[in-house]
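Visitor: Next up, data.csv (CSV, C-alpha atoms).
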```csv
chain,number,residue,atom,x,y,z
A,1,MET,CA,-3.5,16.3,-19.5
A,2,LYS,CA,-3.0,19.7,-17.9
A,3,LEU,CA,0.4,20.8,-16.5
A,4,ASP,CA,-1.2,21.3,-13.0
A,5,PHE,CA,-2.6,17.8,-13.1
A,6,ILE,CA,0.8,16.3,-13.9
A,7,LYS,CA,2.5,18.5,-11.3
A,8,MET,CA,0.1,17.4,-8.6
A,9,ALA,CA,0.5,13.7,-9.6
A,10,LEU,CA,4.2,14.0,-9.4
A,11,ILE,CA,4.1,15.7,-6.0
A,12,LEU,CA,1.6,13.3,-4.5
A,13,GLY,CA,3.3,10.3,-6.1
A,14,LEU,CA,6.7,11.2,-4.7
A,15,LEU,CA,5.3,11.8,-1.2
A,16,SER,CA,3.4,8.6,-1.4
A,17,CYS,CA,6.6,6.7,-2.3
A,18,VAL,CA,7.8,7.3,1.3
A,19,GLY,CA,5.8,4.4,2.7
A,20,PRO,CA,6.6,1.8,0.0
A,21,ILE,CA,10.3,2.7,0.0
A,22,ALA,CA,10.5,1.8,3.7
A,23,ILE,CA,9.2,-1.6,2.7
A,24,ASP,CA,10.7,-2.3,-0.7
A,25,MET,CA,14.2,-1.1,-0.2
A,26,TYR,CA,14.9,-3.2,2.9
A,27,LEU,CA,13.2,-6.4,1.7
A,28,PRO,CA,16.4,-7.8,0.3
A,29,ALA,CA,18.0,-7.2,3.7
A,30,LEU,CA,15.6,-9.3,5.7
A,31,PRO,CA,17.8,-12.4,5.8
A,32,ASP,CA,20.9,-10.3,6.6
A,33,ILE,CA,19.0,-8.5,9.4
A,34,ALA,CA,18.0,-11.8,10.9
A,35,GLN,CA,21.5,-13.2,10.8
A,36,ASP,CA,23.3,-10.0,12.0
A,37,LEU,CA,21.0,-9.5,14.9
A,38,GLY,CA,20.8,-13.2,15.8
A,39,ALA,CA,17.1,-13.4,15.3
A,40,PRO,CA,14.8,-16.1,13.9
A,41,VAL,CA,13.1,-15.6,10.5
A,42,GLU,CA,9.8,-14.9,12.3
A,43,ALA,CA,11.3,-12.0,14.3
A,44,ALA,CA,12.6,-10.4,11.1
A,45,GLN,CA,9.2,-10.7,9.5
A,46,TYR,CA,7.7,-9.0,12.6
A,47,THR,CA,9.6,-5.8,11.6
A,48,LEU,CA,7.2,-5.7,8.7
A,49,MET,CA,4.2,-6.5,10.8
A,50,SER,CA,4.9,-3.8,13.4
A,51,TYR,CA,5.3,-1.3,10.6
A,52,PHE,CA,2.0,-2.2,9.0
A,53,ILE,CA,0.1,-2.1,12.3
A,54,ALA,CA,1.2,1.4,13.0
A,55,PHE,CA,0.8,2.4,9.3
A,56,GLY,CA,-2.8,1.3,9.5
A,57,VAL,CA,-4.0,2.3,13.0
A,58,CYS,CA,-2.4,5.8,12.9
A,59,GLN,CA,-4.3,6.8,9.7
A,60,LEU,CA,-7.3,7.0,12.0
A,61,PHE,CA,-5.7,10.0,13.6
A,62,TYR,CA,-4.1,11.6,10.5
A,63,GLY,CA,-7.4,11.6,8.6
A,64,PRO,CA,-9.5,13.6,11.1
A,65,ALA,CA,-6.5,15.8,11.8
A,66,SER,CA,-6.2,16.7,8.2
A,67,ASP,CA,-10.0,17.5,8.1
A,68,MET,CA,-9.5,19.8,11.1
A,69,PHE,CA,-6.1,21.5,10.6
A,70,GLY,CA,-5.7,21.2,6.8
A,71,ARG,CA,-3.7,18.7,4.8
A,72,LYS,CA,-0.2,20.0,5.3
A,73,PRO,CA,0.5,20.3,9.1
A,74,PRO,CA,-0.2,16.6,9.8
A,75,LEU,CA,1.8,15.7,6.8
A,76,TYR,CA,4.8,17.7,8.1
A,77,PHE,CA,4.6,15.9,11.5
A,78,GLY,CA,4.4,12.4,9.9
A,79,LEU,CA,7.4,13.0,7.6
A,80,ALA,CA,9.6,14.4,10.3
A,81,LEU,CA,8.8,11.5,12.6
A,82,PHE,CA,9.5,9.0,9.8
A,83,THR,CA,12.9,10.6,9.2
A,84,LEU,CA,14.0,10.4,12.8
A,85,ALA,CA,12.7,6.8,13.1
A,86,SER,CA,14.7,5.8,10.0
A,87,VAL,CA,17.9,7.1,11.6
A,88,GLY,CA,17.0,5.1,14.7
A,89,CYS,CA,16.5,1.9,12.6
A,90,ALA,CA,20.0,2.3,11.2
A,91,LEU,CA,21.4,2.4,14.7
A,92,ALA,CA,19.2,-0.4,16.2
A,93,PRO,CA,21.3,-2.8,18.4
A,94,THR,CA,18.7,-5.6,18.7
A,95,ILE,CA,15.8,-7.1,16.7
A,96,GLU,CA,13.4,-5.9,19.5
A,97,ALA,CA,14.7,-2.3,19.1
A,98,LEU,CA,14.3,-2.6,15.3
A,99,ILE,CA,10.7,-3.8,15.7
A,100,VAL,CA,9.8,-0.8,17.9
A,101,LEU,CA,11.6,1.7,15.6
A,102,ARG,CA,9.8,0.2,12.6
A,103,PHE,CA,6.6,0.8,14.5
A,104,LEU,CA,7.5,4.5,14.9
A,105,GLN,CA,8.3,4.6,11.2
A,106,GLY,CA,4.8,3.3,10.5
A,107,VAL,CA,3.3,6.0,12.7
A,108,GLY,CA,5.0,8.6,10.5
A,109,ALA,CA,4.4,6.9,7.2
A,110,ALA,CA,0.6,6.7,7.9
A,111,SER,CA,0.5,10.4,7.0
A,112,VAL,CA,1.5,9.8,3.4
A,113,MET,CA,-1.1,7.0,3.0
A,114,SER,CA,-4.3,8.9,3.9
A,115,ILE,CA,-3.6,12.5,3.2
A,116,PRO,CA,-2.6,12.3,-0.5
A,117,ARG,CA,-5.9,10.4,-1.1
A,118,ALA,CA,-7.8,13.2,0.6
A,119,VAL,CA,-6.0,15.8,-1.5
A,120,ILE,CA,-7.1,13.9,-4.6
A,121,ARG,CA,-10.7,14.0,-3.4
A,122,ASP,CA,-10.3,17.7,-2.7
A,123,TYR,CA,-9.6,18.3,-6.4
A,124,TYR,CA,-11.6,15.6,-8.3
A,125,THR,CA,-14.3,13.0,-8.2
A,126,GLY,CA,-15.3,10.2,-10.6
A,127,THR,CA,-13.2,9.3,-13.6
A,128,GLN,CA,-10.9,12.3,-13.1
A,129,ALA,CA,-10.1,11.2,-9.6
A,130,THR,CA,-9.3,7.7,-10.8
A,131,ARG,CA,-7.1,9.2,-13.5
A,132,LEU,CA,-5.2,11.2,-11.0
A,133,MET,CA,-5.0,8.2,-8.6
A,134,THR,CA,-3.6,6.0,-11.3
A,135,THR,CA,-1.1,8.7,-12.4
A,136,VAL,CA,0.1,8.9,-8.8
A,137,MET,CA,0.5,5.2,-8.8
A,138,LEU,CA,2.6,5.4,-11.9
A,139,VAL,CA,4.9,7.7,-10.0
A,140,ILE,CA,4.8,5.3,-7.0
A,141,SER,CA,5.8,2.5,-9.3
A,142,ILE,CA,9.4,3.8,-9.1
A,143,SER,CA,9.6,2.4,-5.6
A,144,PRO,CA,8.9,-1.4,-6.2
A,145,MET,CA,10.8,-1.4,-9.4
A,146,LEU,CA,14.0,0.4,-8.2
A,147,ALA,CA,14.0,0.4,-4.4
A,148,PRO,CA,14.8,-3.4,-3.9
A,149,LEU,CA,17.6,-3.1,-6.5
A,150,ILE,CA,19.0,0.0,-4.8
A,151,GLY,CA,18.7,-1.8,-1.5
A,152,SER,CA,20.5,-4.9,-2.7
A,153,THR,CA,23.2,-2.7,-4.2
A,154,LEU,CA,23.8,-1.0,-0.9
A,155,ILE,CA,23.7,-4.1,1.3
A,156,VAL,CA,26.7,-5.8,-0.3
A,157,PRO,CA,29.3,-3.1,0.3
A,158,PHE,CA,27.8,-1.2,3.2
A,159,GLY,CA,25.4,-3.5,5.1
A,160,TRP,CA,21.7,-3.4,5.8
A,161,ARG,CA,22.0,-0.3,8.1
A,162,SER,CA,22.9,1.9,5.1
A,163,VAL,CA,19.5,1.2,3.6
A,164,PHE,CA,17.8,3.0,6.5
A,165,LEU,CA,20.1,6.0,6.3
A,166,LEU,CA,19.3,6.4,2.6
A,167,ILE,CA,15.6,6.1,3.5
A,168,ALA,CA,16.0,8.9,6.0
A,169,LEU,CA,17.7,11.2,3.4
A,170,LEU,CA,14.9,10.5,0.9
A,171,THR,CA,12.2,11.2,3.4
A,172,LEU,CA,13.9,14.5,4.4
A,173,ALA,CA,13.8,15.5,0.7
A,174,SER,CA,10.1,14.6,0.6
A,175,LEU,CA,9.5,16.8,3.6
A,176,LEU,CA,11.2,19.7,1.8
A,177,LEU,CA,9.0,19.0,-1.3
A,178,ALA,CA,5.8,19.1,0.8
A,179,VAL,CA,6.9,22.5,2.4
A,180,THR,CA,7.8,24.1,-0.9
A,181,SER,CA,5.6,22.7,-3.6
A,182,LEU,CA,2.4,21.2,-2.2
A,183,PRO,CA,-0.5,23.6,-2.0
A,184,GLU,CA,-2.9,23.5,0.9
A,185,THR,CA,-6.1,22.0,-0.6
A,186,LEU,CA,-8.4,22.3,2.4
A,187,HIS,CA,-9.0,25.9,3.1
A,188,SER,CA,-9.9,27.2,6.5
A,189,GLN,CA,-13.6,27.7,5.7
A,190,HIS,CA,-14.0,24.0,4.8
A,191,ARG,CA,-12.2,22.6,7.9
A,192,VAL,CA,-14.1,20.7,10.5
A,193,PRO,CA,-13.5,21.8,14.1
A,194,PHE,CA,-12.5,19.1,16.4
A,195,ARG,CA,-15.5,17.4,18.1
A,196,PHE,CA,-15.0,13.9,19.4
A,197,ASN,CA,-18.7,13.1,18.9
A,198,ALA,CA,-18.4,14.4,15.3
A,199,MET,CA,-15.4,12.2,14.6
A,200,LEU,CA,-17.2,9.2,16.0
A,201,GLY,CA,-20.3,10.1,14.0
A,202,ALA,CA,-18.2,10.2,10.8
A,203,PHE,CA,-16.8,6.8,11.5
A,204,SER,CA,-20.3,5.5,12.2
A,205,THR,CA,-21.6,7.0,9.0
A,206,LEU,CA,-18.8,5.3,7.0
A,207,LEU,CA,-19.2,1.9,8.8
A,208,ARG,CA,-22.9,1.9,8.1
A,209,ASP,CA,-22.3,2.4,4.4
A,210,PRO,CA,-22.1,-1.2,3.0
A,211,VAL,CA,-20.7,0.0,-0.3
A,212,TYR,CA,-17.9,1.9,1.4
A,213,VAL,CA,-17.1,-1.0,3.7
A,214,GLY,CA,-17.3,-3.5,0.8
A,215,LEU,CA,-15.0,-1.5,-1.5
A,216,THR,CA,-12.6,-0.9,1.3
A,217,CYS,CA,-12.4,-4.7,2.1
A,218,ILE,CA,-12.0,-5.6,-1.6
A,219,GLY,CA,-9.0,-3.3,-1.9
A,220,GLY,CA,-7.8,-4.4,1.5
A,221,LEU,CA,-7.8,-8.1,0.5
A,222,GLY,CA,-5.8,-7.1,-2.6
A,223,ILE,CA,-3.3,-5.3,-0.4
A,224,ALA,CA,-3.3,-8.2,2.0
A,225,SER,CA,-2.3,-10.6,-0.8
A,226,PHE,CA,0.6,-8.4,-1.6
A,227,PHE,CA,1.7,-8.1,2.0
A,228,SER,CA,1.7,-11.9,2.2
A,229,PHE,CA,4.2,-11.8,-0.7
A,230,LEU,CA,6.3,-9.1,1.0
A,231,ALA,CA,6.6,-11.2,4.2
A,232,THR,CA,7.8,-14.4,2.5
A,233,ALA,CA,9.3,-13.4,-0.9
A,234,SER,CA,12.9,-12.6,0.2
A,235,PHE,CA,13.2,-15.9,2.1
A,236,LEU,CA,11.4,-17.9,-0.6
A,237,TYR,CA,13.3,-16.5,-3.5
A,238,THR,CA,16.7,-16.6,-1.9
A,239,ASP,CA,16.5,-19.8,0.1
A,240,PHE,CA,14.1,-22.0,-1.8
A,241,TYR,CA,14.9,-20.8,-5.3
A,242,GLY,CA,18.5,-19.8,-4.7
A,243,LEU,CA,18.3,-16.2,-6.1
A,244,THR,CA,20.9,-13.5,-5.2
A,245,PRO,CA,19.6,-10.3,-3.7
A,246,THR,CA,20.0,-8.6,-7.1
A,247,GLU,CA,18.0,-11.4,-8.9
A,248,PHE,CA,15.3,-11.1,-6.2
A,249,SER,CA,15.1,-7.4,-6.8
A,250,LEU,CA,14.6,-7.9,-10.6
A,251,ALA,CA,11.9,-10.5,-10.1
A,252,PHE,CA,10.2,-8.3,-7.6
A,253,ALA,CA,10.3,-5.4,-10.0
A,254,LEU,CA,8.7,-7.5,-12.7
A,255,ASN,CA,5.7,-8.2,-10.6
A,256,ALA,CA,5.4,-4.6,-9.7
A,257,LEU,CA,5.6,-3.6,-13.3
A,258,GLY,CA,2.5,-5.7,-14.0
A,259,PHE,CA,0.5,-4.0,-11.3
A,260,PHE,CA,1.4,-0.5,-12.2
A,261,THR,CA,1.1,-1.0,-16.0
A,262,SER,CA,-2.5,-2.3,-15.7
A,263,SER,CA,-3.4,0.4,-13.2
A,264,GLN,CA,-2.9,3.0,-16.0
A,265,PHE,CA,-5.9,1.5,-17.8
A,266,ALA,CA,-8.2,1.8,-14.8
A,267,ALA,CA,-9.5,5.3,-15.6
A,268,ASN,CA,-10.2,4.6,-19.3
A,269,LEU,CA,-11.9,1.3,-18.5
A,270,GLY,CA,-14.0,3.0,-15.8
A,271,ALA,CA,-15.0,5.7,-18.2
A,272,ARG,CA,-16.1,3.2,-20.8
A,273,PHE,CA,-17.7,0.4,-18.8
A,274,GLY,CA,-18.2,2.1,-15.4
A,275,SER,CA,-15.9,1.8,-12.4
A,276,VAL,CA,-18.2,-0.6,-10.5
A,277,ALA,CA,-18.1,-3.0,-13.5
A,278,VAL,CA,-14.3,-2.7,-13.5
A,279,VAL,CA,-14.1,-3.7,-9.8
A,280,LYS,CA,-16.5,-6.7,-10.4
A,281,TRP,CA,-14.7,-8.1,-13.4
A,282,ALA,CA,-11.2,-7.5,-12.1
A,283,THR,CA,-11.9,-9.2,-8.7
A,284,ALA,CA,-13.2,-12.2,-10.7
A,285,GLY,CA,-9.9,-12.3,-12.7
A,286,PHE,CA,-7.9,-12.0,-9.5
A,287,ALA,CA,-9.8,-14.8,-7.9
A,288,ILE,CA,-9.5,-17.2,-10.9
A,289,GLY,CA,-5.8,-16.4,-11.4
A,290,SER,CA,-4.9,-16.8,-7.7
A,291,LEU,CA,-6.9,-20.1,-7.4
A,292,THR,CA,-5.2,-21.5,-10.5
A,293,MET,CA,-1.8,-20.5,-9.1
A,294,CYS,CA,-2.5,-22.2,-5.8
A,295,MET,CA,-3.7,-25.4,-7.5
A,296,VAL,CA,-0.6,-25.5,-9.8
A,297,VAL,CA,1.8,-25.2,-6.9
A,298,PHE,CA,-0.2,-27.7,-4.8
A,299,SER,CA,0.1,-30.2,-7.7
A,300,GLY,CA,3.9,-30.0,-7.4
A,301,PHE,CA,4.8,-27.5,-10.2
A,302,ASP,CA,7.1,-25.2,-8.3
A,303,GLN,CA,9.2,-23.8,-11.2
A,304,PHE,CA,10.4,-20.3,-10.4
A,305,TRP,CA,9.5,-18.6,-13.6
A,306,LEU,CA,6.1,-20.3,-13.7
A,307,LEU,CA,5.4,-18.9,-10.2
A,308,VAL,CA,6.6,-15.4,-11.3
A,309,ALA,CA,4.3,-15.5,-14.4
A,310,MET,CA,1.3,-16.5,-12.3
A,311,LEU,CA,2.0,-13.8,-9.7
A,312,LEU,CA,2.4,-11.3,-12.6
A,313,THR,CA,-1.1,-12.3,-13.8
A,314,CYS,CA,-2.6,-11.8,-10.4
A,315,ASN,CA,-0.9,-8.4,-10.0
A,316,ILE,CA,-2.3,-7.2,-13.4
A,317,PHE,CA,-5.8,-7.7,-12.1
A,318,LEU,CA,-4.9,-6.0,-8.8
A,319,GLY,CA,-3.7,-3.0,-10.7
A,320,LEU,CA,-7.3,-2.5,-11.7
A,321,VAL,CA,-8.9,-3.5,-8.4
A,322,ILE,CA,-7.0,-1.4,-5.9
A,323,PRO,CA,-7.0,2.1,-7.4
A,324,THR,CA,-10.6,1.9,-8.6
A,325,SER,CA,-12.0,0.6,-5.3
A,326,MET,CA,-10.0,3.3,-3.4
A,327,VAL,CA,-11.6,6.1,-5.5
A,328,LEU,CA,-15.1,4.6,-5.4
A,329,SER,CA,-15.0,4.2,-1.7
A,330,LEU,CA,-14.5,8.0,-1.3
A,331,GLU,CA,-16.9,9.1,-4.0
A,332,GLU,CA,-19.9,9.8,-1.8
A,333,HIS,CA,-18.0,11.1,1.2
A,334,GLY,CA,-16.4,14.3,0.1
A,335,PRO,CA,-17.2,16.4,3.2
A,336,ILE,CA,-15.2,13.8,5.3
A,337,ALA,CA,-12.7,12.7,2.7
A,338,GLY,CA,-9.8,12.7,5.1
A,339,THR,CA,-11.6,10.6,7.7
A,340,ALA,CA,-12.9,8.3,5.0
A,341,ALA,CA,-9.4,7.8,3.5
A,342,ALA,CA,-8.0,7.3,6.9
A,343,LEU,CA,-10.5,4.7,8.0
A,344,GLY,CA,-10.2,2.9,4.7
A,345,GLY,CA,-6.4,2.9,4.9
A,346,ALA,CA,-6.5,1.7,8.5
A,347,MET,CA,-8.8,-1.2,7.7
A,348,GLN,CA,-6.7,-2.2,4.7
A,349,MET,CA,-3.4,-2.0,6.6
A,350,LEU,CA,-4.8,-4.1,9.4
A,351,LEU,CA,-5.9,-6.7,6.9
A,352,GLY,CA,-2.4,-6.6,5.5
A,353,ALA,CA,-0.8,-7.0,9.0
A,354,LEU,CA,-3.1,-10.0,9.7
A,355,ALA,CA,-2.1,-11.5,6.4
A,356,ILE,CA,1.6,-11.2,7.4
A,357,VAL,CA,1.0,-12.9,10.8
A,358,VAL,CA,-1.0,-15.8,9.3
A,359,THR,CA,1.4,-16.3,6.4
A,360,SER,CA,4.5,-16.1,8.7
A,361,LEU,CA,3.1,-18.6,11.1
A,362,VAL,CA,2.4,-21.2,8.4
A,363,PHE,CA,5.4,-20.4,6.1
A,364,ASP,CA,7.5,-23.5,5.6
A,365,GLY,CA,10.0,-22.2,3.1
A,366,THR,CA,7.9,-23.4,0.1
A,367,PRO,CA,5.6,-21.5,-2.2
A,368,LEU,CA,2.4,-23.3,-1.1
A,369,PRO,CA,1.6,-21.1,2.0
A,370,LEU,CA,2.1,-17.9,-0.1
A,371,THR,CA,-0.1,-19.1,-3.0
A,372,ALA,CA,-2.8,-20.3,-0.6
A,373,ALA,CA,-2.9,-17.0,1.2
A,374,ILE,CA,-3.2,-15.1,-2.1
A,375,ALA,CA,-5.9,-17.5,-3.3
A,376,ALA,CA,-7.9,-16.9,0.0
A,377,CYS,CA,-7.6,-13.1,-0.6
A,378,GLY,CA,-8.8,-13.5,-4.2
A,379,VAL,CA,-11.8,-15.6,-3.3
A,380,GLY,CA,-12.7,-13.3,-0.4
A,381,ALA,CA,-12.5,-10.2,-2.6
A,382,LEU,CA,-14.8,-11.9,-5.2
A,383,ILE,CA,-17.4,-12.9,-2.7
A,384,ILE,CA,-17.5,-9.4,-1.1
A,385,SER,CA,-17.7,-7.7,-4.6
A,386,ARG,CA,-20.7,-9.9,-5.5
A,387,LEU,CA,-22.5,-9.2,-2.1
A,388,THR,CA,-21.9,-5.5,-1.9
A,389,LEU,CA,-21.9,-4.4,-5.5
A,390,ARG,CA,-24.8,-6.6,-6.7
A,391,GLY,CA,-27.1,-4.7,-8.9
A,392,ILE,CA,-25.1,-1.4,-8.6
A,393,ALA,CA,-24.2,0.2,-11.9
A,394,HIS,CA,-23.0,3.4,-10.3
A,395,LEU,CA,-22.6,4.8,-6.8
A,396,ALA,CA,-25.7,6.4,-5.4
A,397,VAL,CA,-25.1,6.1,-1.6
A,398,PRO,CA,-26.8,8.8,0.3
A,399,TYR,CA,-24.5,10.8,2.6
```
Turn the structure described in the file into structure tokens.

Guide:
Amino acid sequence: MKLDFIKMALILGLLSCVGPIAIDMYLPALPDIAQDLGAPVEAAQYTLMSYFIAFGVCQLFYGPASDMFGRKPPLYFGLALFTLASVGCALAPTIEALIVLRFLQGVGAASVMSIPRAVIRDYYTGTQATRLMTTVMLVISISPMLAPLIGSTLIVPFGWRSVFLLIALLTLASLLLAVTSLPETLHSQHRVPFRFNAMLGAFSTLLRDPVYVGLTCIGGLGIASFFSFLATASFLYTDFYGLTPTEFSLAFALNALGFFTSSQFAANLGARFGSVAVVKWATAGFAIGSLTMCMVVFSGFDQFWLLVAMLLTCNIFLGLVIPTSMVLSLEEHGPIAGTAAALGGAMQMLLGALAIVVTSLVFDGTPLPLTAAIAACGVGALIISRLTLRGIAHLAVPY
């Protein structure tokens, strides 16, 4: 693996960590936030929902902006806004103010969701793009494995507000990294001048591509299943199973480890069997694993380590589904890679936000609503993969 390849993966991975850190590091604090601000559990969960809505919708602006102005200027804006909003979250006096400030955090974080994906497409396609994507994900794995543990360590002596101050410092460091180390990958001769009709035309082209839409929804349902877990895990693990914040962080890290470990095999499996085949078989494994988990919990087997083991199995399949489907969805849309990454990210984040709303509304403190939501996502992903990828051995979608 070339040094430049590794350097780019490290830079993009560290930048992409900004969004997950704002989720993972504060998850152990959700019960404390609800108690400190005198808010119900649902209101604390809405701080996640508001973040994801902004995180999703605003990618629709960052993507076209990065195609017009280059990759770096919109990235600078997003990281700066995220830093300021993080400081605001640390000072939030009410749950309503925190929900609004989390929304602003999401506006800033949207830049590090779509733009790194477009940078990857600027450099590579096919298996090499999948390899870079999975290497970036390996770097991102630092966040779900360490961020909750760091957050729980901070919460006990310093309170939940200290988590957001640390997030602000880390984001400021990411901004400096982008300024000093990230090259501009979209040169001026390749930039698309702003034309509203052209932007609408690009969106129309993407939405009329059934393979692009199908792959985006497959990855989106995988992400939605994880978001359902994010919205309920801290309450489920600490209240229902009686875990401490540190124990919750360790259990959370174990599930993340399964996802990111399997993702490292995505490129090799794609090179050997074809990326489309990897998506098809991995969605089948995810559907079977999630349905089995739901039926086991419905039957009354709610042992903690059994649940963790079944979640780990589902995440192993997701580690193959999500990065491979992301890369495949951009494969035939290089000239509008920023817009394609943005629209795909927006659709996926909105699916995730919807999953949070539904799961929060039916959450009763037991594992059943969570496992049912994950099973619904698994079955949905399987159905879409069979409908949109049927008979396709490789991508050959005309642009």

Visitor: Which one is closest to Ile155 in chain A: A:Leu318, A:Ile99, A:Leu27, A:Leu361? Count only C-alpha atoms.

Guide: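 Among the listed residues, the smallest separation from Ile155 in chain A belongs to A:Leu27.
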
Visitor: Per residue of range 100-193 of chain A within 6 Å of range 44-59 of chain A, which atom pair is closest and at what distance in Å (one decimal), using all atoms listed in the file, listed by chain and increasing number, as JSON lines?

Guide:
```
{"residue": "A:Arg102", "atom": "CA", "partner": "A:Tyr51", "partner_atom": "CA", "distance": 5.1}
{"residue": "A:Phe103", "atom": "CA", "partner": "A:Tyr51", "partner_atom": "CA", "distance": 4.6}
{"residue": "A:Gly106", "atom": "CA", "partner": "A:Phe55", "partner_atom": "CA", "distance": 4.3}
{"residue": "A:Val107", "atom": "CA", "partner": "A:Ala54", "partner_atom": "CA", "distance": 5.1}
{"residue": "A:Ala110", "atom": "CA", "partner": "A:Phe55", "partner_atom": "CA", "distance": 4.5}
```

Visitor: Could you list as a PyMOL selection string every residue that has an atom within 10 Å of (1.3, -27.5, -5.3), using the file's coordinates and counting only C-alpha atoms?

Guide: chain A and resi 293-302+366-369+371-372

Visitor: From the list A:Ala92, A:Ser263, A:Leu15, A:Ala224, which residue is nearest Trp160 in chain A when using all atoms listed in the file?

Guide: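 Nearest candidate to Trp160 in chain A out of A:Ala92, A:Ser263, A:Leu15, A:Ala224: A:Ala92.
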
Visitor: Using all atoms listed in the file, which residues sit within 6 Å of Phe317 in chain A once same-chain residues fewer than 3 positions away are excluded, as a list in words?

Guide: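 Final neighbour list, sorted by chain and number: Ala282, Phe286, Cys314 and Leu320 of chain A.
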
Visitor: Now that the selection is made, can you save its residues with C-alpha atoms as a PDB file, in the coordinates of the input?

Guide:
```pdb
ATOM      1  CA  ALA A 282     -11.200  -7.500 -12.100  1.00  0.00           C
ATOM      2  CA  PHE A 286      -7.900 -12.000  -9.500  1.00  0.00           C
ATOM      3  CA  CYS A 314      -2.600 -11.800 -10.400  1.00  0.00           C
ATOM      4  CA  LEU A 320      -7.300  -2.500 -11.700  1.00  0.00           C
TER       5      LEU A 320
END
```

Visitor: Tell me which of A:Leu91, A:Val100, A:Val156, A:Leu75 sits closest to Ala29 in chain A, counting all atoms listed in the file.

Guide: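 Between A:Leu91, A:Val100, A:Val156, A:Leu75, the residue approaching Ala29 in chain A most closely is A:Val156.
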
Visitor: Tell me which protein, DNA and RNA residues are within 9 Å of Ser66 in chain A, counting all atoms listed in the file, leaving out same-chain ones fewer than 6 positions away, and put them as a VMD selection string.

Guide: chain A and resid 72 to 75 115 118 186 191 338 to 339

Visitor: Under the rule that all atoms listed in the file are counted, which of A:Ala231, A:Leu254, A:Leu370, A:Leu98 is the nearest residue to Phe164 in chain A?

Guide: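 Among the listed residues, the smallest separation from Phe164 in chain A belongs to A:Leu98.
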
Visitor: Report, in Å to a single decimal, how far apart CA of Phe260 in chain A and CA of Ala376 in chain A are.

Guide: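 About the pair CA of Ala376 in chain A and CA of Phe260 in chain A: they are 22.5 Å apart.
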
Visitor: Residues within 7 Å of range 321-327 of chain A, please, as a list in words. Count all atoms listed in the file; anything in the same chain fewer than 3 positions from it doesn't count.

Guide: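 Here the qualifying residues turn out to be Ala129, Thr130, Met133, Thr134, Leu215, Thr216, Gly219, Gly222, Ala266, Ser275, Val279, Ala282, Thr283, Phe317, Leu318, Leu330 and Glu331 of chain A.
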
Visitor: Restricting the calculation to all atoms listed in the file, which member of A:Ser181, A:Ser114, A:Thr171, A:Ser234 is positioned closest to Ala342 in chain A?

Guide: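 The shortest atom-to-atom distance to Ala342 in chain A comes from A:Ser114.
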
Visitor: Report, in Å to a single decimal, how far apart CA of Ser290 in chain A and CA of Ala355 in chain A are.

Guide: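 Spanning CA of Ala355 in chain A to CA of Ser290 in chain A is a straight-line distance of 15.3 Å.
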
Visitor: Using only C-alpha atoms, can you tell me which of A:Ser162, A:Ala375, A:Ser329, A:Ser188 comes closest to Leu207 in chain A?

Guide: A:Ser329

Visitor: If you count all atoms listed in the file, which residues fall within 9 Å of Leu146 in chain A, apart from same-chain ones fewer than 6 positions away, as a PyMOL selection string?

Guide: chain A and resi 24-25+249-250+253

Visitor: To one decimal in Å, tell me the separation between CA of Pro183 in chain A and CA of Cys17 in chain A.

Guide: 18.3 Å

Visitor: Find the residues near Leu176 in chain A: any atom within 12 Å, counting only C-alpha atoms, skip ones fewer than 3 places away on the same chain, and give them as a list in words.

Guide: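 That gives Ile11, Leu14, Leu15, Lys72, Leu75, Tyr76, Leu79, Ala80, Thr83, Leu169, Leu170, Thr171, Leu172, Ala173, Val179, Thr180, Ser181 and Leu182 of chain A.
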
Visitor: Generate a file of the selected residues that holds C-alpha atoms, formatted as a tab-separated table (two decimals), keeping the file's coordinate frame.

Guide:
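Just written: selection-v9.tsv:
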```tsv
chain	number	residue	atom	x	y	z
A	11	ILE	CA	4.10	15.70	-6.00
A	14	LEU	CA	6.70	11.20	-4.70
A	15	LEU	CA	5.30	11.80	-1.20
A	72	LYS	CA	-0.20	20.00	5.30
A	75	LEU	CA	1.80	15.70	6.80
A	76	TYR	CA	4.80	17.70	8.10
A	79	LEU	CA	7.40	13.00	7.60
A	80	ALA	CA	9.60	14.40	10.30
A	83	THR	CA	12.90	10.60	9.20
A	169	LEU	CA	17.70	11.20	3.40
A	170	LEU	CA	14.90	10.50	0.90
A	171	THR	CA	12.20	11.20	3.40
A	172	LEU	CA	13.90	14.50	4.40
A	173	ALA	CA	13.80	15.50	0.70
A	179	VAL	CA	6.90	22.50	2.40
A	180	THR	CA	7.80	24.10	-0.90
A	181	SER	CA	5.60	22.70	-3.60
A	182	LEU	CA	2.40	21.20	-2.20
```
